[in-house]
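J.: Okay, so here is protein-v9.cif, and as you'll see once you scroll down, it has mmCIF, C-alpha atoms.
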data_work
loop_
_atom_site.label_atom_id
_atom_site.label_comp_id
_atom_site.auth_asym_id
_atom_site.auth_seq_id
_atom_site.Cartn_x
_atom_site.Cartn_y
_atom_site.Cartn_z
CA MET A 224 221.10 65.21 100.68
CA GLU A 225 224.72 65.33 99.58
CA GLN A 226 227.72 67.51 100.20
CA GLY A 227 227.90 68.77 96.64
CA PRO A 228 230.58 70.70 94.77
CA TYR A 229 230.70 73.58 97.25
CA ALA A 230 231.30 71.55 100.41
CA HIS A 231 234.86 72.88 100.50
CA VAL A 232 233.52 76.39 101.21
CA ALA A 233 232.44 75.26 104.70
CA GLY A 234 235.06 76.45 107.14
CA HIS A 235 235.80 79.60 105.17
CA ARG A 236 236.44 82.40 107.67
CA PHE A 237 235.51 86.01 106.98
CA PRO A 238 238.09 88.73 107.65
CA GLY A 239 236.09 90.08 110.58
CA GLY A 240 235.96 93.67 111.76
CA THR A 241 233.65 96.01 113.60
CA ALA A 242 230.06 97.14 113.25
CA THR A 243 228.24 100.22 114.45
CA VAL A 244 224.53 100.83 113.96
CA GLU A 245 224.04 104.57 113.70
CA PRO A 246 220.80 106.06 115.09
CA SER A 247 219.59 107.09 111.63
CA MET A 248 220.12 103.56 110.30
CA ASN A 249 218.18 101.99 113.16
CA ARG A 250 215.35 104.47 112.73
CA LEU A 251 215.11 103.94 108.97
CA TRP A 252 215.22 100.17 109.48
CA CYS A 253 212.38 100.29 112.00
CA ASP A 254 210.38 102.39 109.55
CA ALA A 255 211.06 99.99 106.68
CA VAL A 256 209.82 96.99 108.67
CA CYS A 257 206.87 98.83 110.29
CA ALA A 258 208.36 98.36 113.78
CA ASP A 259 208.31 100.52 116.87
CA ASP A 260 211.51 102.57 117.24
CA THR A 261 213.75 100.28 119.30
CA ALA A 262 216.32 102.94 120.33
CA PRO A 263 218.44 102.89 122.45
CA HIS A 264 218.60 99.21 121.41
CA VAL A 265 219.39 97.97 117.91
CA HIS A 266 216.41 96.31 116.21
CA PRO A 267 217.03 92.55 116.63
CA MET A 268 216.84 91.81 112.91
CA LEU A 269 219.26 94.64 112.18
CA VAL A 270 221.77 92.75 114.30
CA TYR A 271 222.00 90.39 111.34
CA TYR A 272 222.89 93.13 108.89
CA ALA A 273 225.24 94.84 111.33
CA ALA A 274 226.99 91.51 111.71
CA VAL A 275 227.32 91.08 107.95
CA GLN A 276 228.62 94.63 107.54
CA GLY A 277 231.18 94.09 110.28
CA SER A 278 232.26 90.69 109.02
CA GLY A 279 234.46 92.10 106.31
CA VAL A 280 232.39 90.66 103.46
CA THR A 281 229.36 91.81 101.50
CA PHE A 282 226.36 89.77 100.43
CA GLN A 283 227.90 89.77 96.97
CA ASP A 284 231.10 88.26 98.40
CA ILE A 285 229.09 85.47 99.99
CA PHE A 286 227.19 84.90 96.73
CA ASP A 287 230.50 84.79 94.86
CA LEU A 288 231.90 82.10 97.18
CA LEU A 289 229.04 79.88 96.03
CA ASP A 290 229.07 81.12 92.40
CA GLY A 291 225.58 82.50 92.95
CA SER A 292 224.58 85.27 90.57
CA THR A 293 222.27 87.97 91.91
CA ASP A 294 219.65 87.18 89.26
CA SER A 295 219.42 83.49 90.16
CA GLY A 296 216.79 83.91 92.88
CA ILE A 297 218.95 83.46 96.00
CA MET A 298 216.74 83.38 99.12
CA VAL A 299 217.12 83.23 102.89
CA GLY A 300 216.09 79.73 104.02
CA GLU A 301 216.53 79.89 107.77
CA GLN A 302 217.58 82.46 110.35
CA ARG A 303 218.63 81.87 113.94
CA PHE A 304 219.66 84.27 116.68
CA ALA A 305 220.96 83.93 120.21
CA PHE A 306 220.79 87.19 122.15
CA HIS A 307 222.68 87.51 125.41
CA GLU A 308 221.96 91.21 125.68
CA PRO A 309 220.57 93.82 123.30
CA LEU A 310 223.05 95.75 121.20
CA ALA A 311 223.14 99.50 121.70
CA VAL A 312 222.63 102.04 118.93
CA GLY A 313 225.85 103.95 118.29
CA GLU A 314 228.12 101.43 120.02
CA THR A 315 230.85 99.61 118.12
CA TYR A 316 231.06 95.82 118.24
CA ALA A 317 233.61 93.29 117.04
CA VAL A 318 232.35 90.74 114.51
CA SER A 319 233.83 87.35 113.67
CA GLY A 320 232.59 84.31 111.82
CA GLY A 321 232.38 82.51 108.52
CA ILE A 322 230.71 79.79 106.49
CA THR A 323 229.92 76.81 108.71
CA ASP A 324 228.11 74.43 106.38
CA VAL A 325 227.21 73.86 102.72
CA GLN A 326 224.82 71.11 101.65
CA ARG A 327 223.40 70.18 98.25
CA LYS A 328 219.75 69.14 98.07
CA SER A 329 217.19 68.50 95.38
CA GLY A 330 213.47 68.18 95.09
CA LYS A 331 210.87 67.69 92.39
CA ARG A 332 209.50 71.21 92.73
CA ALA A 333 212.55 73.15 93.81
CA GLY A 334 215.06 71.35 91.61
CA THR A 335 218.69 71.28 92.72
CA PHE A 336 219.93 73.85 95.21
CA ASP A 337 222.73 74.46 97.70
CA ILE A 338 222.16 75.63 101.26
CA ALA A 339 225.05 77.64 102.67
CA THR A 340 225.05 78.55 106.36
CA PHE A 341 227.14 81.30 107.88
CA GLU A 342 227.48 82.21 111.54
CA LEU A 343 228.54 85.58 112.93
CA GLU A 344 229.35 86.47 116.53
CA LEU A 345 229.30 89.92 118.09
CA ARG A 346 231.30 91.01 121.13
CA ARG A 347 232.53 94.22 122.68
CA PRO A 348 235.99 94.93 121.24
CA GLY A 349 238.66 93.24 123.32
CA GLU A 350 236.18 91.23 125.37
CA ASP A 351 235.41 87.50 125.24
CA ALA A 352 231.79 87.62 126.34
CA LEU A 353 229.43 86.79 123.49
CA LEU A 354 226.61 89.32 123.05
CA ALA A 355 224.78 87.88 120.06
CA THR A 356 225.08 85.18 117.42
CA SER A 357 223.41 85.34 114.01
CA THR A 358 223.18 82.17 111.93
CA THR A 359 221.80 82.42 108.41
CA SER A 360 221.17 79.86 105.69
CA PHE A 361 221.01 81.06 102.10
CA VAL A 362 219.40 78.94 99.39
CA PHE A 363 221.21 78.99 96.04
CA PRO A 364 219.04 77.59 93.20
CA ARG A 365 221.01 75.58 90.64
CA ARG A 366 218.67 75.67 87.68
CA GLU A 367 221.36 74.35 85.39
CA GLU A 368 221.60 71.14 87.42
CA VAL A 369 219.23 68.24 86.85
CA PRO A 370 217.84 66.75 90.10
CA ALA A 371 218.96 63.19 90.74
CA MET B 116 206.88 97.47 130.56
CA THR B 117 205.88 94.26 132.32
CA THR B 118 205.49 90.79 130.92
CA PRO B 119 201.85 89.69 130.97
CA ALA B 120 200.78 86.63 132.98
CA ILE B 121 201.03 83.67 130.66
CA GLU B 122 200.45 79.93 130.51
CA VAL B 123 200.91 77.24 127.90
CA GLY B 124 198.37 77.90 125.18
CA THR B 125 198.32 81.65 125.65
CA THR B 126 197.89 83.31 122.25
CA LEU B 127 199.82 86.41 121.28
CA PRO B 128 197.97 89.37 119.77
CA ALA B 129 198.39 89.17 115.99
CA PHE B 130 200.59 91.64 114.14
CA VAL B 131 199.23 92.50 110.71
CA ILE B 132 200.59 94.34 107.68
CA ASP B 133 197.53 95.06 105.55
CA ALA B 134 199.50 95.43 102.30
CA VAL B 135 203.27 95.04 101.96
CA ASP B 136 204.62 98.29 100.53
CA PRO B 137 207.10 97.93 97.61
CA GLU B 138 208.55 101.34 98.43
CA LYS B 139 209.76 99.96 101.76
CA MET B 140 211.52 97.16 99.86
CA LYS B 141 213.39 99.82 97.88
CA LEU B 142 214.31 101.60 101.10
CA MET B 143 215.60 98.35 102.56
CA ALA B 144 217.58 97.49 99.42
CA ALA B 145 219.23 100.92 99.52
CA LEU B 146 219.98 100.77 103.25
CA LEU B 147 221.60 97.38 102.92
CA ARG B 148 223.12 97.70 99.46
CA ASP B 149 221.31 94.47 98.67
CA PRO B 150 222.05 93.68 95.01
CA ASN B 151 219.23 91.15 94.56
CA PRO B 152 216.90 92.61 91.89
CA ILE B 153 213.85 90.57 92.92
CA HIS B 154 213.15 93.19 95.59
CA ILE B 155 213.05 96.15 93.22
CA ASP B 156 212.35 94.88 89.71
CA ALA B 157 209.22 92.90 88.87
CA ASP B 158 210.69 91.90 85.50
CA SER B 159 213.43 89.99 87.34
CA VAL B 160 210.79 88.15 89.34
CA ARG B 161 208.95 87.24 86.12
CA ALA B 162 212.17 86.10 84.45
CA LEU B 163 212.77 83.67 87.30
CA GLY B 164 209.22 82.37 87.11
CA LEU B 165 208.58 83.39 90.70
CA GLY B 166 205.59 85.65 90.09
CA ASP B 167 204.76 89.06 88.72
CA ARG B 168 205.34 91.35 91.69
CA VAL B 169 208.47 92.28 93.61
CA ILE B 170 209.34 90.05 96.56
CA ASN B 171 209.74 91.33 100.11
CA GLN B 172 213.15 90.79 101.71
CA GLY B 173 212.95 87.69 103.92
CA PRO B 174 214.38 89.48 106.95
CA ASN B 175 211.59 92.06 106.64
CA ASN B 176 209.06 89.29 107.12
CA LEU B 177 210.93 87.99 110.13
CA SER B 178 211.04 91.51 111.53
CA TYR B 179 207.23 91.55 111.56
CA VAL B 180 207.27 88.43 113.74
CA LEU B 181 209.90 89.92 116.05
CA THR B 182 207.78 93.04 116.45
CA MET B 183 204.78 90.93 117.43
CA VAL B 184 206.81 89.00 120.00
CA SER B 185 208.72 91.94 121.46
CA ARG B 186 205.54 93.98 121.91
CA TRP B 187 203.95 91.10 123.76
CA ALA B 188 207.04 90.18 125.80
CA GLY B 189 207.74 93.70 127.02
CA GLY B 190 210.48 94.83 124.68
CA ILE B 191 213.25 93.45 122.49
CA GLU B 192 215.46 92.90 125.54
CA ALA B 193 213.22 89.92 126.36
CA LEU B 194 214.33 88.02 123.22
CA ARG B 195 216.67 85.11 123.94
CA THR B 196 216.73 82.81 120.91
CA VAL B 197 215.08 82.83 117.51
CA GLN B 198 214.83 79.98 115.02
CA MET B 199 212.76 80.62 111.92
CA ARG B 200 212.28 78.85 108.60
CA PHE B 201 211.29 80.77 105.50
CA LEU B 202 208.58 78.78 103.74
CA GLY B 203 207.60 81.07 100.91
CA ASN B 204 207.77 84.47 99.32
CA VAL B 205 205.79 87.55 100.28
CA PHE B 206 204.83 89.71 97.32
CA ALA B 207 204.11 93.41 97.14
CA GLY B 208 200.56 94.21 98.16
CA GLU B 209 199.97 91.04 100.12
CA ARG B 210 198.49 90.97 103.62
CA VAL B 211 200.89 89.53 106.18
CA GLU B 212 199.51 88.21 109.43
CA CYS B 213 201.78 87.06 112.28
CA GLY B 214 200.63 84.88 115.15
CA GLY B 215 202.03 82.90 118.03
CA THR B 216 201.23 80.67 120.97
CA VAL B 217 203.07 79.85 124.18
CA SER B 218 204.17 76.22 123.87
CA ALA B 219 206.32 75.83 127.00
CA ILE B 220 207.31 77.64 130.16
CA ASP B 221 210.58 76.97 131.97
CA ALA B 222 210.41 78.32 135.49
CA ASP B 223 214.05 77.40 136.19
CA SER B 224 215.45 79.50 133.37
CA GLY B 225 212.66 82.06 133.54
CA THR B 226 211.81 81.68 129.88
CA ALA B 227 208.81 80.94 127.69
CA THR B 228 208.92 79.19 124.32
CA LEU B 229 206.64 80.52 121.61
CA ASP B 230 205.56 78.76 118.43
CA VAL B 231 205.24 81.54 115.89
CA HIS B 232 204.27 81.86 112.25
CA ALA B 233 203.38 84.29 109.50
CA THR B 234 201.12 84.02 106.49
CA ALA B 235 200.82 86.08 103.31
CA ASP B 236 197.31 86.20 101.87
CA GLY B 237 196.73 83.04 103.89
CA ARG B 238 199.81 81.11 102.64
CA PRO B 239 202.38 80.03 105.26
CA VAL B 240 205.60 82.00 104.76
CA LEU B 241 207.40 81.74 108.10
CA GLN B 242 207.39 79.24 110.93
CA GLY B 243 209.58 78.81 113.96
CA THR B 244 210.27 79.09 117.63
CA ILE B 245 211.24 82.07 119.77
CA VAL B 246 212.32 81.91 123.41
CA VAL B 247 211.73 84.98 125.57
CA ALA B 248 212.42 85.93 129.15
CA ARG B 249 209.28 86.07 131.23
#
Please re-express this file's structure in structure tokens.

T.:
Amino acid sequence: MEQGPYAHVAGHRFPGGTATVEPSMNRLWCDAVCADDTAPHVHPMLVYYAAVQGSGVTFQDIFDLLDGSTDSGIMVGEQRFAFHEPLAVGETYAVSGGITDVQRKSGKRAGTFDIATFELELRRPGEDALLATSTTSFVFPRREEVPA
Amino acid sequence: MTTPAIEVGTTLPAFVIDAVDPEKMKLMAALLRDPNPIHIDADSVRALGLGDRVINQGPNNLSYVLTMVSRWAGGIEALRTVQMRFLGNVFAGERVECGGTVSAIDADSGTATLDVHATADGRPVLQGTIVVAR
């Protein structure tokens, strides 16, 4: 494992903002993942997407920070959550966070790849109490690189 | 809902998707404005040498596990922490089976730790740990 050429991206903060999961979005999400309708609570996995939407960046923005093209096979490697209370459908939450870590790895099968981790926190606007944290690691294949 | 009586070794009822529906991948891609073509275009998957069918969004697979756990634990409000590793891709049409076992109980914090996993046509695709209130 090495830091790699994108180590400087760690520490990058997203603009932040707010997120609201509308009832129709939660219902469609639950349908798409074959889940029971979780209303009045937000589906726990949708917390991740709500956090991204409220962070002030898009997936494409995150890909761009790591020079990852959408046709390069970018995958989610690991997902973590800490829930202090369920989020409510229709409520607005403040989102903050950014890239916390970038590591370069290589393997015989997978070749060379970068793992970028970003962490997002959700709170009620104007309050300090943390409601949920979403931590995601994306895997960026680097097919042009030759494994060491 | 109430949390069932549990002990270390208790097995959760499995949650099964008989065949992952590619139309739901399209719905998810549209909902999330996800630009990754591997979820909607099999040619992109072939071009990357990853297979010949579209690939389910990783968070969809994790959602299946969360549904299994929240049904068993008495609702999503029981979820405390989740840590999951994605081990492989799930392709359209594959059978996904989620399972879990209670690995620890902490009476002081009132929580139970679950070792959970998911397979696609028998291949491991997700593995991790979820802590729930009990």

J.: What would the selection look like, as an MDAnalysis selection string, if the PyMOL selection byres ((chain A) within 10 of (chain B)) were run on the coordinates I just shared?

T.: chainID A and resid 248 251:259 261 264:269 271:273 275:276 281:283 292:310 355:360 366

J.: Those same residues, written as a short mmCIF file (atom, residue, chain, number, x, y, z; two decimals), in the frame of the given file with C-alpha atoms?

T.:
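So again_16.cif came out as:
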data_model
loop_
_atom_site.label_atom_id
_atom_site.label_comp_id
_atom_site.auth_asym_id
_atom_site.auth_seq_id
_atom_site.Cartn_x
_atom_site.Cartn_y
_atom_site.Cartn_z
CA MET A 248 220.12 103.56 110.30
CA LEU A 251 215.11 103.94 108.97
CA TRP A 252 215.22 100.17 109.48
CA CYS A 253 212.38 100.29 112.00
CA ASP A 254 210.38 102.39 109.55
CA ALA A 255 211.06 99.99 106.68
CA VAL A 256 209.82 96.99 108.67
CA CYS A 257 206.87 98.83 110.29
CA ALA A 258 208.36 98.36 113.78
CA ASP A 259 208.31 100.52 116.87
CA THR A 261 213.75 100.28 119.30
CA HIS A 264 218.60 99.21 121.41
CA VAL A 265 219.39 97.97 117.91
CA HIS A 266 216.41 96.31 116.21
CA PRO A 267 217.03 92.55 116.63
CA MET A 268 216.84 91.81 112.91
CA LEU A 269 219.26 94.64 112.18
CA TYR A 271 222.00 90.39 111.34
CA TYR A 272 222.89 93.13 108.89
CA ALA A 273 225.24 94.84 111.33
CA VAL A 275 227.32 91.08 107.95
CA GLN A 276 228.62 94.63 107.54
CA THR A 281 229.36 91.81 101.50
CA PHE A 282 226.36 89.77 100.43
CA GLN A 283 227.90 89.77 96.97
CA SER A 292 224.58 85.27 90.57
CA THR A 293 222.27 87.97 91.91
CA ASP A 294 219.65 87.18 89.26
CA SER A 295 219.42 83.49 90.16
CA GLY A 296 216.79 83.91 92.88
CA ILE A 297 218.95 83.46 96.00
CA MET A 298 216.74 83.38 99.12
CA VAL A 299 217.12 83.23 102.89
CA GLY A 300 216.09 79.73 104.02
CA GLU A 301 216.53 79.89 107.77
CA GLN A 302 217.58 82.46 110.35
CA ARG A 303 218.63 81.87 113.94
CA PHE A 304 219.66 84.27 116.68
CA ALA A 305 220.96 83.93 120.21
CA PHE A 306 220.79 87.19 122.15
CA HIS A 307 222.68 87.51 125.41
CA GLU A 308 221.96 91.21 125.68
CA PRO A 309 220.57 93.82 123.30
CA LEU A 310 223.05 95.75 121.20
CA ALA A 355 224.78 87.88 120.06
CA THR A 356 225.08 85.18 117.42
CA SER A 357 223.41 85.34 114.01
CA THR A 358 223.18 82.17 111.93
CA THR A 359 221.80 82.42 108.41
CA SER A 360 221.17 79.86 105.69
CA ARG A 366 218.67 75.67 87.68
#

J.: Between atom CA of Ile220 of chain B and atom CA of Glu342 of chain A, what is the distance in Å, rounded to a tenth?

T.: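 Interatomic distance, atom CA of Ile220 of chain B to atom CA of Glu342 of chain A: 27.8 Å.
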
J.: Quick one: which residues end up in the PyMOL selection byres ((chain B and resi 228) around 6) for this structure, as an mmCIF file with C-alpha atoms, in the coordinates of the input?

T.:
data_model
loop_
_atom_site.group_PDB
_atom_site.id
_atom_site.type_symbol
_atom_site.label_atom_id
_atom_site.label_comp_id
_atom_site.auth_asym_id
_atom_site.auth_seq_id
_atom_site.Cartn_x
_atom_site.Cartn_y
_atom_site.Cartn_z
ATOM 1 C CA VAL B 217 203.070 79.850 124.180
ATOM 2 C CA SER B 218 204.170 76.220 123.870
ATOM 3 C CA ALA B 219 206.320 75.830 127.000
ATOM 4 C CA ALA B 227 208.810 80.940 127.690
ATOM 5 C CA LEU B 229 206.640 80.520 121.610
ATOM 6 C CA ILE B 245 211.240 82.070 119.770
ATOM 7 C CA VAL B 246 212.320 81.910 123.410
#

J.: How far is it from atom CA of Gly124 of chain B to atom CA of Asp221 of chain B, in Å with one decimal?

T.: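 Taking atom CA of Gly124 of chain B as the start and atom CA of Asp221 of chain B as the end point, the length is 14.0 Å.
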
J.: Evaluate the PyMOL selection byres ((chain A and resi 317) around 10) against this structure - the residues, as an mmCIF file with C-alpha atoms, keeping the file's coordinate frame, please.

T.:
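To be explicit, this is the file written out as expr10.cif:
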data_model
loop_
_atom_site.group_PDB
_atom_site.id
_atom_site.type_symbol
_atom_site.label_atom_id
_atom_site.label_comp_id
_atom_site.auth_asym_id
_atom_site.auth_seq_id
_atom_site.Cartn_x
_atom_site.Cartn_y
_atom_site.Cartn_z
ATOM 1 C CA GLY A 239 236.090 90.080 110.580
ATOM 2 C CA GLY A 240 235.960 93.670 111.760
ATOM 3 C CA THR A 241 233.650 96.010 113.600
ATOM 4 C CA ALA A 242 230.060 97.140 113.250
ATOM 5 C CA THR A 243 228.240 100.220 114.450
ATOM 6 C CA ALA A 274 226.990 91.510 111.710
ATOM 7 C CA GLY A 277 231.180 94.090 110.280
ATOM 8 C CA SER A 278 232.260 90.690 109.020
ATOM 9 C CA THR A 315 230.850 99.610 118.120
ATOM 10 C CA TYR A 316 231.060 95.820 118.240
ATOM 11 C CA VAL A 318 232.350 90.740 114.510
ATOM 12 C CA SER A 319 233.830 87.350 113.670
ATOM 13 C CA GLU A 344 229.350 86.470 116.530
ATOM 14 C CA LEU A 345 229.300 89.920 118.090
ATOM 15 C CA ARG A 346 231.300 91.010 121.130
ATOM 16 C CA ARG A 347 232.530 94.220 122.680
ATOM 17 C CA PRO A 348 235.990 94.930 121.240
ATOM 18 C CA GLY A 349 238.660 93.240 123.320
ATOM 19 C CA GLU A 350 236.180 91.230 125.370
#

J.: Could you tell me how far atom CA of Val280 of chain A sits from atom CA of Pro238 of chain A, in Å to one decimal place?

T.: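 That distance, rounded to one decimal, is 7.3 Å.
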
J.: Enclose the full set of atoms of segment 167-186 of chain B listed in the file within a box whose edges lie along x, y and z, apply 3 Å of padding to each of the six sides, and report centre and edge lengths in Å to one decimal as AutoDock Vina command-line options.

T.:
--center_x 209.6 --center_y 90.8 --center_z 105.3 --size_x 15.6 --size_y 12.3 --size_z 39.2

J.: Measuring between all atoms listed in the file, which one of B:Ala188, B:Val240, B:Val169, B:Ala134 shows the shortest distance to Cys213 of chain B?

T.: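 Of B:Ala188, B:Val240, B:Val169, B:Ala134, the one nearest Cys213 of chain B is B:Val240, counting all atoms listed in the file.
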
J.: Considering all atoms listed in the file, can you say which of A:Val270, A:Ala339, A:Leu288, A:Val244 comes closest to Gln326 of chain A?

T.: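 Of the candidates, the smallest distance to Gln326 of chain A is held by A:Ala339.
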
J.: Would you mind telling me which residue in A:Gly279, A:Pro263, A:Gly321, A:Gly234 lies nearest to Phe341 of chain A when using only C-alpha atoms?

T.: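 So, comparing all the options, the nearest one is A:Gly321.
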
J.: Can you tell me, as a VMD selection string, what residues are no more than 10 Å from Gly291 of chain A when counting all atoms listed in the file, ignoring any on the same chain fewer than 5 positions away?

T.: chain A and resid 283 to 286 296 to 297 337 362 to 365

J.: Considering all atoms listed in the file, can you say which of B:Ala207, B:Val123, B:Ala157, B:Gly215 comes closest to Pro137 of chain B?

T.: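 Using all atoms listed in the file, the shortest distance to Pro137 of chain B belongs to B:Ala207.
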
J.: Determine the nearest neighbour of Glu245 of chain A from the options A:Gln226, A:Val312, A:Ala233, A:Leu289, counting all atoms listed in the file.

T.: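 The shortest atom-to-atom distance to Glu245 of chain A comes from A:Val312.
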